[in-house]
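Trainee: One file: coords22.cif (mmCIF, C-alpha atoms).
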```
data_final
#
loop_
_atom_site.group_PDB
_atom_site.id
_atom_site.type_symbol
_atom_site.label_atom_id
_atom_site.label_comp_id
_atom_site.auth_asym_id
_atom_site.auth_seq_id
_atom_site.Cartn_x
_atom_site.Cartn_y
_atom_site.Cartn_z
ATOM 1 C CA GLY R 1 -1.838 -15.897 8.112
ATOM 2 C CA ASP R 2 0.811 -13.868 6.394
ATOM 3 C CA SER R 3 2.211 -10.858 8.171
ATOM 4 C CA VAL R 4 4.931 -8.257 7.933
ATOM 5 C CA THR R 5 6.645 -6.660 10.895
ATOM 6 C CA GLN R 6 8.771 -3.564 10.576
ATOM 7 C CA MET R 7 10.456 -1.352 13.077
ATOM 8 C CA GLU R 8 8.366 1.311 14.706
ATOM 9 C CA GLY R 9 9.075 4.916 13.986
ATOM 10 C CA PRO R 10 9.653 7.674 13.754
ATOM 11 C CA VAL R 11 13.272 7.177 12.884
ATOM 12 C CA THR R 12 15.228 10.428 12.991
ATOM 13 C CA LEU R 13 18.663 10.667 11.418
ATOM 14 C CA SER R 14 21.062 13.355 10.357
ATOM 15 C CA GLU R 15 21.835 13.886 6.707
ATOM 16 C CA GLU R 16 24.510 11.501 5.346
ATOM 17 C CA ALA R 17 23.884 8.974 8.115
ATOM 18 C CA PHE R 18 23.540 5.250 7.412
ATOM 19 C CA LEU R 19 19.985 3.954 7.370
ATOM 20 C CA THR R 20 18.588 0.566 8.277
ATOM 21 C CA ILE R 21 14.872 -0.154 8.565
ATOM 22 C CA ASN R 22 14.215 -3.689 9.690
ATOM 23 C CA CYS R 23 11.514 -5.833 8.129
ATOM 24 C CA THR R 24 10.667 -9.454 8.862
ATOM 25 C CA TYR R 25 7.837 -11.511 7.498
ATOM 26 C CA THR R 26 5.777 -14.586 8.217
ATOM 27 C CA ALA R 27 4.427 -16.501 5.245
ATOM 28 C CA THR R 28 3.466 -20.047 4.431
ATOM 29 C CA GLY R 29 4.947 -20.029 0.954
ATOM 30 C CA TYR R 30 7.581 -18.131 -0.985
ATOM 31 C CA PRO R 31 6.432 -14.572 -1.430
ATOM 32 C CA SER R 32 7.860 -11.657 -3.326
ATOM 33 C CA LEU R 33 8.982 -8.813 -1.111
ATOM 34 C CA PHE R 34 8.650 -5.089 -1.642
ATOM 35 C CA TRP R 35 9.503 -1.740 -0.166
ATOM 36 C CA TYR R 36 7.146 1.124 -0.895
ATOM 37 C CA VAL R 37 7.683 4.780 -0.059
ATOM 38 C CA GLN R 38 5.022 7.381 0.597
ATOM 39 C CA TYR R 39 5.964 11.038 0.404
ATOM 40 C CA PRO R 40 3.669 13.589 2.066
ATOM 41 C CA GLY R 41 0.452 14.042 0.128
ATOM 42 C CA GLU R 42 1.301 11.389 -2.438
ATOM 43 C CA GLY R 43 0.385 7.771 -3.089
ATOM 44 C CA LEU R 44 2.628 4.827 -2.343
ATOM 45 C CA GLN R 45 5.425 4.301 -4.831
ATOM 46 C CA LEU R 46 7.354 1.125 -5.381
ATOM 47 C CA LEU R 47 10.919 1.639 -4.188
ATOM 48 C CA LEU R 48 12.384 -1.804 -4.803
ATOM 49 C CA LYS R 49 11.482 -5.464 -4.878
ATOM 50 C CA ALA R 50 12.907 -8.986 -4.744
ATOM 51 C CA THR R 51 11.167 -12.074 -6.002
ATOM 52 C CA LYS R 52 13.255 -14.929 -4.626
ATOM 53 C CA ALA R 53 15.732 -15.797 -1.922
ATOM 54 C CA ASP R 54 19.098 -13.990 -2.061
ATOM 55 C CA ASP R 55 17.812 -11.480 -4.611
ATOM 56 C CA LYS R 56 18.851 -7.912 -3.919
ATOM 57 C CA GLY R 57 16.530 -5.094 -4.867
ATOM 58 C CA SER R 58 18.011 -1.644 -5.319
ATOM 59 C CA ASN R 59 16.880 1.801 -6.350
ATOM 60 C CA LYS R 60 17.882 5.412 -5.615
ATOM 61 C CA GLY R 61 20.713 4.237 -3.361
ATOM 62 C CA PHE R 62 18.437 2.005 -1.300
ATOM 63 C CA GLU R 63 19.041 -1.725 -1.097
ATOM 64 C CA ALA R 64 17.341 -4.737 0.457
ATOM 65 C CA THR R 65 18.252 -8.424 0.274
ATOM 66 C CA TYR R 66 15.709 -11.238 0.461
ATOM 67 C CA ARG R 67 16.944 -13.431 3.319
ATOM 68 C CA LYS R 68 14.918 -16.605 3.451
ATOM 69 C CA GLU R 69 16.863 -18.082 6.382
ATOM 70 C CA THR R 70 16.018 -15.121 8.596
ATOM 71 C CA THR R 71 12.726 -14.232 6.810
ATOM 72 C CA SER R 72 13.943 -10.673 6.524
ATOM 73 C CA PHE R 73 14.105 -7.867 3.958
ATOM 74 C CA HIS R 74 15.857 -5.000 5.702
ATOM 75 C CA LEU R 75 16.090 -1.678 3.889
ATOM 76 C CA GLU R 76 19.461 0.086 3.857
ATOM 77 C CA LYS R 77 20.994 3.230 2.458
ATOM 78 C CA GLY R 78 24.538 4.346 2.941
ATOM 79 C CA SER R 79 23.995 8.098 3.071
ATOM 80 C CA VAL R 80 20.522 9.541 3.519
ATOM 81 C CA GLN R 81 19.338 12.927 2.321
ATOM 82 C CA VAL R 82 16.660 15.271 3.580
ATOM 83 C CA SER R 83 14.604 14.351 0.510
ATOM 84 C CA ASP R 84 14.433 10.742 1.768
ATOM 85 C CA SER R 85 12.082 11.849 4.550
ATOM 86 C CA ALA R 86 8.919 9.813 4.026
ATOM 87 C CA VAL R 87 7.016 6.786 5.295
ATOM 88 C CA TYR R 88 8.429 3.430 4.207
ATOM 89 C CA PHE R 89 6.308 0.289 3.977
ATOM 90 C CA CYS R 90 7.563 -3.265 3.711
ATOM 91 C CA ALA R 91 5.168 -5.636 1.957
ATOM 92 C CA LEU R 92 4.851 -9.140 0.608
ATOM 93 C CA ARG R 93 2.889 -10.805 -2.143
ATOM 94 C CA TYR R 94 2.790 -14.284 -3.537
ATOM 95 C CA SER R 95 4.278 -14.402 -6.987
ATOM 96 C CA GLY R 96 2.087 -17.158 -8.286
ATOM 97 C CA GLY R 97 0.947 -15.198 -11.289
ATOM 98 C CA GLY R 98 -2.164 -13.105 -11.462
ATOM 99 C CA ALA R 99 -2.751 -9.995 -9.464
ATOM 100 C CA ASP R 100 -2.917 -10.492 -5.730
ATOM 101 C CA GLY R 101 -3.197 -7.952 -2.992
ATOM 102 C CA LEU R 102 -0.237 -6.946 -0.873
ATOM 103 C CA THR R 103 0.263 -7.556 2.829
ATOM 104 C CA PHE R 104 1.856 -4.504 4.408
ATOM 105 C CA GLY R 105 3.779 -3.696 7.541
ATOM 106 C CA LYS R 106 2.685 -0.707 9.621
ATOM 107 C CA GLY R 107 5.111 1.669 7.991
ATOM 108 C CA THR R 108 8.152 3.488 9.351
ATOM 109 C CA HIS R 109 8.248 7.247 9.351
ATOM 110 C CA LEU R 110 11.747 8.433 8.468
ATOM 111 C CA ILE R 111 12.816 11.964 9.293
ATOM 112 C CA ILE R 112 16.135 13.259 7.991
ATOM 113 C CA GLN R 113 17.458 16.418 9.567
ATOM 114 C CA PRO R 114 19.896 18.696 7.744
ATOM 115 C CA GLY C 1 2.976 7.079 -16.862
ATOM 116 C CA ALA C 2 1.033 4.722 -14.578
ATOM 117 C CA VAL C 3 -0.851 7.376 -12.646
ATOM 118 C CA VAL C 4 -3.787 6.508 -10.412
ATOM 119 C CA SER C 5 -6.115 9.165 -9.082
ATOM 120 C CA GLN C 6 -8.758 9.128 -6.384
ATOM 121 C CA HIS C 7 -11.697 11.399 -5.868
ATOM 122 C CA PRO C 8 -12.471 12.960 -3.524
ATOM 123 C CA SER C 9 -9.242 13.349 -1.587
ATOM 124 C CA TRP C 10 -11.234 13.904 1.586
ATOM 125 C CA VAL C 11 -14.878 13.772 2.550
ATOM 126 C CA ILE C 12 -16.892 14.477 5.675
ATOM 127 C CA CYS C 13 -20.380 13.051 5.963
ATOM 128 C CA LYS C 14 -23.122 12.505 8.493
ATOM 129 C CA SER C 15 -23.764 9.134 10.025
ATOM 130 C CA GLY C 16 -26.184 7.074 7.978
ATOM 131 C CA THR C 17 -25.333 8.558 4.609
ATOM 132 C CA SER C 18 -23.524 6.793 1.778
ATOM 133 C CA VAL C 19 -20.256 7.944 0.282
ATOM 134 C CA LYS C 20 -18.772 7.036 -3.088
ATOM 135 C CA ILE C 21 -15.036 7.078 -3.745
ATOM 136 C CA GLU C 22 -13.664 6.867 -7.265
ATOM 137 C CA CYS C 23 -10.391 5.333 -8.365
ATOM 138 C CA ARG C 24 -9.141 5.975 -11.884
ATOM 139 C CA SER C 25 -6.141 4.799 -13.838
ATOM 140 C CA LEU C 26 -5.349 7.879 -15.908
ATOM 141 C CA ASP C 27 -2.949 6.628 -18.534
ATOM 142 C CA PHE C 28 -3.326 2.875 -18.626
ATOM 143 C CA GLN C 29 -5.956 0.187 -18.596
ATOM 144 C CA ALA C 30 -6.073 -1.591 -15.280
ATOM 145 C CA THR C 31 -6.926 -5.265 -15.382
ATOM 146 C CA THR C 32 -7.312 -5.376 -11.625
ATOM 147 C CA MET C 33 -7.907 -2.782 -8.944
ATOM 148 C CA PHE C 34 -7.513 -3.164 -5.213
ATOM 149 C CA TRP C 35 -9.028 -1.308 -2.288
ATOM 150 C CA TYR C 36 -7.138 -0.905 0.963
ATOM 151 C CA ARG C 37 -8.014 0.688 4.269
ATOM 152 C CA GLN C 38 -5.518 2.324 6.579
ATOM 153 C CA PHE C 39 -6.086 3.233 10.209
ATOM 154 C CA PRO C 40 -3.815 5.786 11.919
ATOM 155 C CA LYS C 41 -0.375 4.342 12.540
ATOM 156 C CA GLN C 42 -1.490 1.005 11.152
ATOM 157 C CA SER C 43 -0.665 -0.881 8.021
ATOM 158 C CA LEU C 44 -2.759 -0.890 4.883
ATOM 159 C CA MET C 45 -5.308 -3.685 5.034
ATOM 160 C CA LEU C 46 -6.556 -5.191 1.802
ATOM 161 C CA MET C 47 -10.331 -4.950 1.624
ATOM 162 C CA ALA C 48 -11.151 -6.321 -1.801
ATOM 163 C CA THR C 49 -9.905 -7.117 -5.268
ATOM 164 C CA SER C 50 -11.915 -6.156 -8.301
ATOM 165 C CA ASN C 51 -11.602 -7.152 -11.923
ATOM 166 C CA GLU C 52 -13.336 -5.247 -14.664
ATOM 167 C CA GLY C 53 -16.776 -6.646 -15.408
ATOM 168 C CA SER C 54 -16.907 -9.133 -12.565
ATOM 169 C CA LYS C 55 -17.833 -9.148 -8.907
ATOM 170 C CA ALA C 56 -15.260 -8.052 -6.393
ATOM 171 C CA THR C 57 -13.533 -10.555 -4.142
ATOM 172 C CA TYR C 58 -13.663 -9.425 -0.533
ATOM 173 C CA GLU C 59 -11.179 -10.277 2.187
ATOM 174 C CA GLN C 60 -12.346 -12.119 5.238
ATOM 175 C CA GLY C 61 -14.094 -9.854 7.682
ATOM 176 C CA VAL C 62 -14.995 -7.156 5.138
ATOM 177 C CA GLU C 63 -18.745 -6.633 4.812
ATOM 178 C CA LYS C 64 -19.803 -6.871 1.186
ATOM 179 C CA ASP C 65 -23.044 -5.003 1.780
ATOM 180 C CA LYS C 66 -21.270 -2.218 3.628
ATOM 181 C CA PHE C 67 -18.506 -1.651 1.096
ATOM 182 C CA LEU C 68 -19.900 -1.886 -2.416
ATOM 183 C CA ILE C 69 -17.341 -2.087 -5.187
ATOM 184 C CA ASN C 70 -18.107 -1.533 -8.839
ATOM 185 C CA HIS C 71 -15.477 -1.963 -11.531
ATOM 186 C CA ALA C 72 -17.374 -0.883 -14.613
ATOM 187 C CA SER C 73 -14.454 -0.183 -16.928
ATOM 188 C CA LEU C 74 -10.736 -0.778 -17.263
ATOM 189 C CA THR C 75 -10.022 2.691 -15.920
ATOM 190 C CA LEU C 76 -12.564 3.161 -13.149
ATOM 191 C CA SER C 77 -13.469 1.422 -9.925
ATOM 192 C CA THR C 78 -15.733 2.845 -7.244
ATOM 193 C CA LEU C 79 -16.057 2.075 -3.560
ATOM 194 C CA THR C 80 -19.331 3.035 -1.909
ATOM 195 C CA VAL C 81 -19.491 3.059 1.862
ATOM 196 C CA THR C 82 -23.168 2.526 2.594
ATOM 197 C CA SER C 83 -24.881 3.851 5.698
ATOM 198 C CA ALA C 84 -21.587 5.130 6.999
ATOM 199 C CA HIS C 85 -20.916 5.269 10.732
ATOM 200 C CA PRO C 86 -18.085 6.846 12.723
ATOM 201 C CA GLU C 87 -16.219 3.527 12.883
ATOM 202 C CA ASP C 88 -15.961 3.638 9.080
ATOM 203 C CA SER C 89 -13.821 6.748 9.320
ATOM 204 C CA SER C 90 -10.495 5.866 7.804
ATOM 205 C CA PHE C 91 -8.081 6.428 4.958
ATOM 206 C CA TYR C 92 -9.081 4.481 1.855
ATOM 207 C CA ILE C 93 -6.461 3.754 -0.796
ATOM 208 C CA CYS C 94 -6.852 2.123 -4.175
ATOM 209 C CA SER C 95 -4.271 0.587 -6.439
ATOM 210 C CA ALA C 96 -4.336 -0.656 -10.003
ATOM 211 C CA THR C 97 -2.288 -3.150 -11.937
ATOM 212 C CA ARG C 98 -1.249 -2.696 -15.519
ATOM 213 C CA GLN C 99 0.515 -6.015 -15.682
ATOM 214 C CA ALA C 100 0.103 -8.956 -13.345
ATOM 215 C CA TYR C 101 2.774 -7.710 -11.019
ATOM 216 C CA GLU C 102 3.299 -4.091 -10.114
ATOM 217 C CA GLN C 103 0.589 -2.117 -8.364
ATOM 218 C CA PHE C 104 0.255 1.636 -8.763
ATOM 219 C CA PHE C 105 -1.356 3.439 -5.863
ATOM 220 C CA GLY C 106 -3.699 6.358 -5.659
ATOM 221 C CA PRO C 107 -3.106 9.174 -3.148
ATOM 222 C CA GLY C 108 -5.911 8.012 -0.877
ATOM 223 C CA THR C 109 -9.235 9.380 0.372
ATOM 224 C CA ARG C 110 -9.747 10.510 3.954
ATOM 225 C CA LEU C 111 -13.283 9.689 5.127
ATOM 226 C CA THR C 112 -14.622 11.224 8.313
ATOM 227 C CA VAL C 113 -18.090 10.213 9.476
ATOM 228 C CA LEU C 114 -19.653 12.476 12.070
#
```
Represent the supplied structure as structure tokens.
Mentor:
Amino acid sequence: GDSVTQMEGPVTLSEEAFLTINCTYTATGYPSLFWYVQYPGEGLQLLLKATKADDKGSNKGFEATYRKETTSFHLEKGSVQVSDSAVYFCALRYSGGGADGLTFGKGTHLIIQP
Amino acid sequence: GAVVSQHPSWVICKSGTSVKIECRSLDFQATTMFWYRQFPKQSLMLMATSNEGSKATYEQGVEKDKFLINHASLTLSTLTVTSAHPEDSSFYICSATRQAYEQFFGPGTRLTVL
């Protein structure tokens, strides 16, 4: 079955550091890929997405590129802020139309220290 | 816009009782709602997909008689955990789709069964 694997946390960085959170997936078809962020006490929010190979999703300084050859969708940010502290989830979904549930990774807790 | 609420945010109950969790789309009509379950330090696992006015579609391994889902309107879906036991203790999260693509998540409900 489909699965998503992301790096274990917590990941602790200093403010303005470069961030990479690795995400790889296993799927039988050609899924869409997502990164969601969950701030303390809040629901998951869509951070960015990519629907086909070589697409780059970006939002709020975060980027991720859909790499079909390596089945990866790593999340990056050039300079993190304390406000980026949250749990980040990588997810996939088949974009065959209609509303299908998401398959999530375990989440990576990111802690940014001032 | 696109706000999803859940009620209650947390609940503690005795073993053998039933618990109902509500999921509401506050400012849009949701064609489809999803229910997920999250164990500590684990990923969100899709439990079921529900469309307004029709029976829910359950994922493999999810007991239909244990987790009753009712999607009576375009803004409300309920999950009832029947005859709850300690192993049902978990974090339950719903999401709703306004279009066929993006899901909007509720903040989750923490269920503890004593």
Trainee: Can you list every residue of chain R that has an atom at most 10 Å from chain C, with its nearest atom pair and the distance in Å to one decimal, using all atoms listed in the file, ordered by chain then number, as a Markdown table?
Mentor:
```
| residue | atom | partner | partner_atom | distance |
| --- | --- | --- | --- | --- |
| R:Val4 | CA | C:Ser43 | CA | 9.3 |
| R:Thr5 | CA | C:Ser43 | CA | 9.8 |
| R:Glu8 | CA | C:Lys41 | CA | 9.5 |
| R:Gly9 | CA | C:Lys41 | CA | 9.6 |
| R:Gln38 | CA | C:Pro107 | CA | 9.1 |
| R:Tyr39 | CA | C:Pro107 | CA | 9.9 |
| R:Pro40 | CA | C:Pro107 | CA | 9.6 |
| R:Gly41 | CA | C:Pro107 | CA | 6.9 |
| R:Glu42 | CA | C:Pro107 | CA | 5.0 |
| R:Gly43 | CA | C:Pro107 | CA | 3.8 |
| R:Leu44 | CA | C:Phe105 | CA | 5.5 |
| R:Gln45 | CA | C:Phe105 | CA | 6.9 |
| R:Leu46 | CA | C:Phe104 | CA | 7.9 |
| R:Lys49 | CA | C:Glu102 | CA | 9.8 |
| R:Phe89 | CA | C:Ser43 | CA | 8.1 |
| R:Cys90 | CA | C:Ser43 | CA | 9.6 |
| R:Ala91 | CA | C:Ser43 | CA | 9.7 |
| R:Arg93 | CA | C:Tyr101 | CA | 9.4 |
| R:Tyr94 | CA | C:Tyr101 | CA | 10.0 |
| R:Ser95 | CA | C:Tyr101 | CA | 8.0 |
| R:Gly96 | CA | C:Ala100 | CA | 9.8 |
| R:Gly97 | CA | C:Ala100 | CA | 6.6 |
| R:Gly98 | CA | C:Ala100 | CA | 5.1 |
| R:Ala99 | CA | C:Ala100 | CA | 4.9 |
| R:Asp100 | CA | C:Thr49 | CA | 7.8 |
| R:Gly101 | CA | C:Leu46 | CA | 6.5 |
| R:Leu102 | CA | C:Leu46 | CA | 7.1 |
| R:Thr103 | CA | C:Met45 | CA | 7.1 |
| R:Phe104 | CA | C:Ser43 | CA | 5.7 |
| R:Gly105 | CA | C:Ser43 | CA | 5.3 |
| R:Lys106 | CA | C:Ser43 | CA | 3.7 |
| R:Gly107 | CA | C:Ser43 | CA | 6.3 |
| R:Thr108 | CA | C:Lys41 | CA | 9.1 |
| R:His109 | CA | C:Lys41 | CA | 9.6 |
```
Trainee: So, counting only C-alpha atoms, which residue among R:Gln113, R:Thr51, R:Ser3, R:Ser83 is closest to R:Val37?
Mentor: R:Ser83
Trainee: Taking all atoms listed in the file into account, name the residue in C:Ala2, C:Leu74, C:Pro8, C:Glu87 that is nearest to C:Ile21.
Mentor: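 Checking each candidate against C:Ile21, we get C:Pro8 as the closest.
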Trainee: Find the residues near C:Ala72: any atom within 9 Å, counting only C-alpha atoms, skip ones fewer than 6 places away on the same chain, and give them as a PyMOL selection string.
Mentor: chain C and resi 51-54+78
Trainee: Compile the contact shell of C:Asp88 as a ChimeraX atom specification: residues with an atom at most 7 Å away, counting all atoms listed in the file, same-chain residues fewer than 3 positions apart removed.
Mentor: /C:84-85,113
Trainee: Within 12 Å of (15.3, 16.7, 12.4) (coordinates as in the file), grab all the protein and nucleic acid residues, counting all atoms listed in the file, and write them out as a ChimeraX atom specification.
Mentor: /R:10-15,81-82,85,110-114
Trainee: In file coordinates, which residues lie within 9 Å of (-12.3, 3.5, -14.1) using only C-alpha atoms, given as a PyMOL selection string?
Mentor: chain C and resi 22-26+29-30+52+71-78
Trainee: Would you translate the PyMOL selection byres ((chain R and resi 66) around 7) into the concrete set of residues it matches in this file, as a list in words?
Mentor: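 For this structure, the PyMOL selection byres ((chain R and resi 66) around 7) captures Ala50, Lys52, Ala53, Asp54, Asp55, Lys56, Ala64, Thr65, Arg67, Lys68, Ser72 and Phe73 of chain R.
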